[in-house]
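Student: Below: one structure in structure tokens.
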Amino acid sequence: MRAARLISMVLLLQSREAMTAAELARELEVSERTVYRDMEALSAAGVPVYAEQGRRGGYRLVGGYRTRLTGLTREEAEALFLSGLPGPAGDMGRGDAVAAAELKVLAALPASLRDAPARAGQRFHLDAPGWFGESGPPPLLRDLARAVWADETVELRYRRRDGEVARTAEPYGLVLKNGTWYLVARVGGADGGTHRTYRVDRVTGVLPSGERFDRDDGFDLAAHWRERADAFLRSMLREEITIRLSPAGMRLLRYAVEPYAAERAAADAGDPDADGWVVTTLPVESAVVAASELMRLGAEAEVLAPPELRTAMADRAARLAKLYAPS
């Protein structure tokens with residue numbers, strides 16, 4: 001444990017010009033007294049670390065000092081080679097950069113860990129697209145990725161149901177969700193601009209402006225995506241129905257409906273009856289969509305309300321019974 005902490009201290013000091021004992025203690029979740037002891041241990045081990053007094057003081061490394069990656073455990077080294085995501089990186093035109101970075105890391109590893117990429121590759125493979133998704137990345141993904149990296153404003157053409165539209169956009173980030181790429185971009189400029197989401201496969205034109213935009217350093221892409229994705233699901237699943245589910249129906253529900261809807265149904269479920277059946281509410285897009293989804297559960301689900309959906313399910317069940325009745 002202490003060895004890993006000492007390595008973390010050196011790496012933190014390599015990445016930052018200076019850090020106080022209090023800052024190191026907060027980062028590593030230890031006491032300042034522990035930081036003092038660890039610094040003494042690093043100095044005794046030959047690491048050129050020193051303390052500088054004053055308002056801008058703190059612990060520093062002698063200029064130019066770098067440590068080799070000899071402190072990695074096998075688990076850490078193998079996890080490192082899982083993080084490259086070569087497929088999506090290649091889609092964005094960064095496959096060569098990822099490969100070069102992996103070679104440099106590999107060269108810095110001790111001989112005992114140089115089989116890490118082979119072991120990781122033999123055991124794990126990321127295949128992001130769905131089974132029936134289109135093969136290959138969207139044609140303009142690389143152009144958008146270049147603009148994202150460069151913080152460059154672009155003239156964006158986008159295909160909607162009512163035709164094509166043009167936007168001056170500041171591309172903030174790209175998100176890969178279930179095999180589909182999305183662009184998060186700010187439109188309207190820094191003053192009063194809003195962040196919008198575009199499916200990359202519907203982008204029909206990307207014209208770089210040659211001008212950089214000032215990125216909002218407080219923008220959190222992951223948090224923004226979670227918020228928008230949740231809002232989208234809530235807006236899409238705007239109706240609720242009441243259903244009764246068997247134990248098997250409760251287990252199978254997540255395969256029939258959106259995960260968010262299944263989670264809501266599980267949270268709202270009442271106490272089971274003598275046979276284990278529960279009554280709950282289920283968010284749905286519409287009664288028509290709900291009827292199709294619940295047919296997947298067969299006799300493990302019963303619609304209680306609204307009455308029109310219960311009637312529709314009874315009609316479907318009657319037609320199925322007639323279809324499969326002995327001739």
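Letters for chains follow the order of the structure tokens (A, B, ...), residue numbers begin at 1 for each chain, and ligand numbers begin at 1 in the order shown.
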Among segment 1-192 of chain A, which ones does DSSP place in helix (DSSP H, G or I), written as a ChimeraX atom specification?

Tutor: /A:2-15,21-28,32-44,74-80,86-91,95-108,111-113,116-123,141-150

Student: Would you pick out the contacts of segment 252-265 of chain A at 12 Å or less, using only C-alpha atoms, so that residues sharing its chain but fewer than 5 positions from it are not included, and give the list as an MDAnalysis selection string?

Tutor: chainID A and resid 229:234 236:247 270 278:285 289:301

Student: Please compute the atom CA of Gly179 of chain A-atom CA of Gly87 of chain A distance, one decimal, in Å.

Tutor: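 Separation of atom CA of Gly179 of chain A and atom CA of Gly87 of chain A: 11.0 Å.
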
Student: Counting only C-alpha atoms, what is within 9 Å of Arg202 of chain A, bar same-chain residues fewer than 3 positions away, as a list in words?

Tutor: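 What passes the distance filter is Pro138, Arg157, Tyr158, Arg159, Arg160, Tyr198 and Arg199 of chain A.
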
Student: With N, CA and C atoms retained, export the selected residues as a PDB file, in the first residue's frame.

Tutor:
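Contents of again26.pdb, freshly written:
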ATOM      1  N   PRO A 138     -19.421   6.898 -39.194  1.00  0.00           N
ATOM      2  CA  PRO A 138     -20.048   7.895 -40.069  1.00  0.00           C
ATOM      3  C   PRO A 138     -18.989   8.624 -40.891  1.00  0.00           C
ATOM      4  N   ARG A 157     -23.803  21.294 -41.247  1.00  0.00           N
ATOM      5  CA  ARG A 157     -25.063  21.022 -41.951  1.00  0.00           C
ATOM      6  C   ARG A 157     -25.608  19.699 -41.405  1.00  0.00           C
ATOM      7  N   TYR A 158     -26.909  19.708 -41.107  1.00  0.00           N
ATOM      8  CA  TYR A 158     -27.504  18.584 -40.382  1.00  0.00           C
ATOM      9  C   TYR A 158     -28.859  18.236 -40.990  1.00  0.00           C
ATOM     10  N   ARG A 159     -29.090  16.949 -41.181  1.00  0.00           N
ATOM     11  CA  ARG A 159     -30.338  16.475 -41.790  1.00  0.00           C
ATOM     12  C   ARG A 159     -31.381  16.203 -40.708  1.00  0.00           C
ATOM     13  N   ARG A 160     -32.522  16.908 -40.817  1.00  0.00           N
ATOM     14  CA  ARG A 160     -33.646  16.679 -39.916  1.00  0.00           C
ATOM     15  C   ARG A 160     -34.830  16.154 -40.719  1.00  0.00           C
ATOM     16  N   TYR A 198     -26.231  16.222 -31.598  1.00  0.00           N
ATOM     17  CA  TYR A 198     -26.509  15.856 -32.984  1.00  0.00           C
ATOM     18  C   TYR A 198     -26.005  14.440 -33.249  1.00  0.00           C
ATOM     19  N   ARG A 199     -26.816  13.651 -33.937  1.00  0.00           N
ATOM     20  CA  ARG A 199     -26.337  12.341 -34.398  1.00  0.00           C
ATOM     21  C   ARG A 199     -25.353  12.557 -35.539  1.00  0.00           C
TER      22      ARG A 199
END

Student: When you draw a straight line from atom CA of Ala248 of chain A to atom CA of Ala318 of chain A, how long is it in Å?

Tutor: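 Computing the Euclidean distance for atom CA of Ala248 of chain A and atom CA of Ala318 of chain A yields 22.3 Å.
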
Student: Which residues are near segment 2-8 of chain A? Cut-off 12 Å, only C-alpha atoms, ignore same chain within fewer than 5 positions. Put them as a count of residues only.

Tutor: 31

Student: Which is closer to Val154 of chain A than all the others in A:Lys177, A:Arg186, A:Arg16, A:His125, using only C-alpha atoms?

Tutor: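 Checking each candidate against Val154 of chain A, we get A:Arg186 as the closest.
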
Student: From the DSSP assignment of the backbone, select every residue of segment 105-171 of chain A that is strand (DSSP E or B), and format the answer as an NGL selection string.

Tutor: :A and (152-160 or 163-171)

Student: Measuring atom to atom with only C-alpha atoms, identify which of A:Val148, A:Arg56, A:Ala287, A:Leu323 is nearest to Ala305 of chain A.

Tutor: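 Using only C-alpha atoms, Ala305 of chain A sits closest to A:Ala287.
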
Student: For each of A:Ala77, A:Ala108, A:Leu176, A:Ala18, take the minimum atom-to-atom distance to Asp91 of chain A, counting only C-alpha atoms, then give the residue where this is smallest.

Tutor: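 Closest to Asp91 of chain A, using only C-alpha atoms: A:Leu176.
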
Student: Nearest to Thr197 of chain A: which of A:Met19, A:Leu156, A:Ala51, A:Leu183 is it, counting only C-alpha atoms?

Tutor: A:Leu183

Student: Could you please determine the separation between atom CA of Leu174 of chain A and atom CA of Arg196 of chain A in Å, to one decimal place?

Tutor: 11.7 Å

Student: Go through A:Asp214, A:Gly249, A:Ala22, A:Val288 and flag the residue nearest Gly276 of chain A, using only C-alpha atoms for the distances.

Tutor: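 For Gly276 of chain A, the nearest of the given residues is A:Gly249.
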
Student: So, with only C-alpha atoms as the atoms that count, which of A:Thr153, A:Gln122, A:Ser209, A:Thr204 lies closest to Phe81 of chain A?

Tutor: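 Among the listed residues, A:Gln122 lies closest to Phe81 of chain A.
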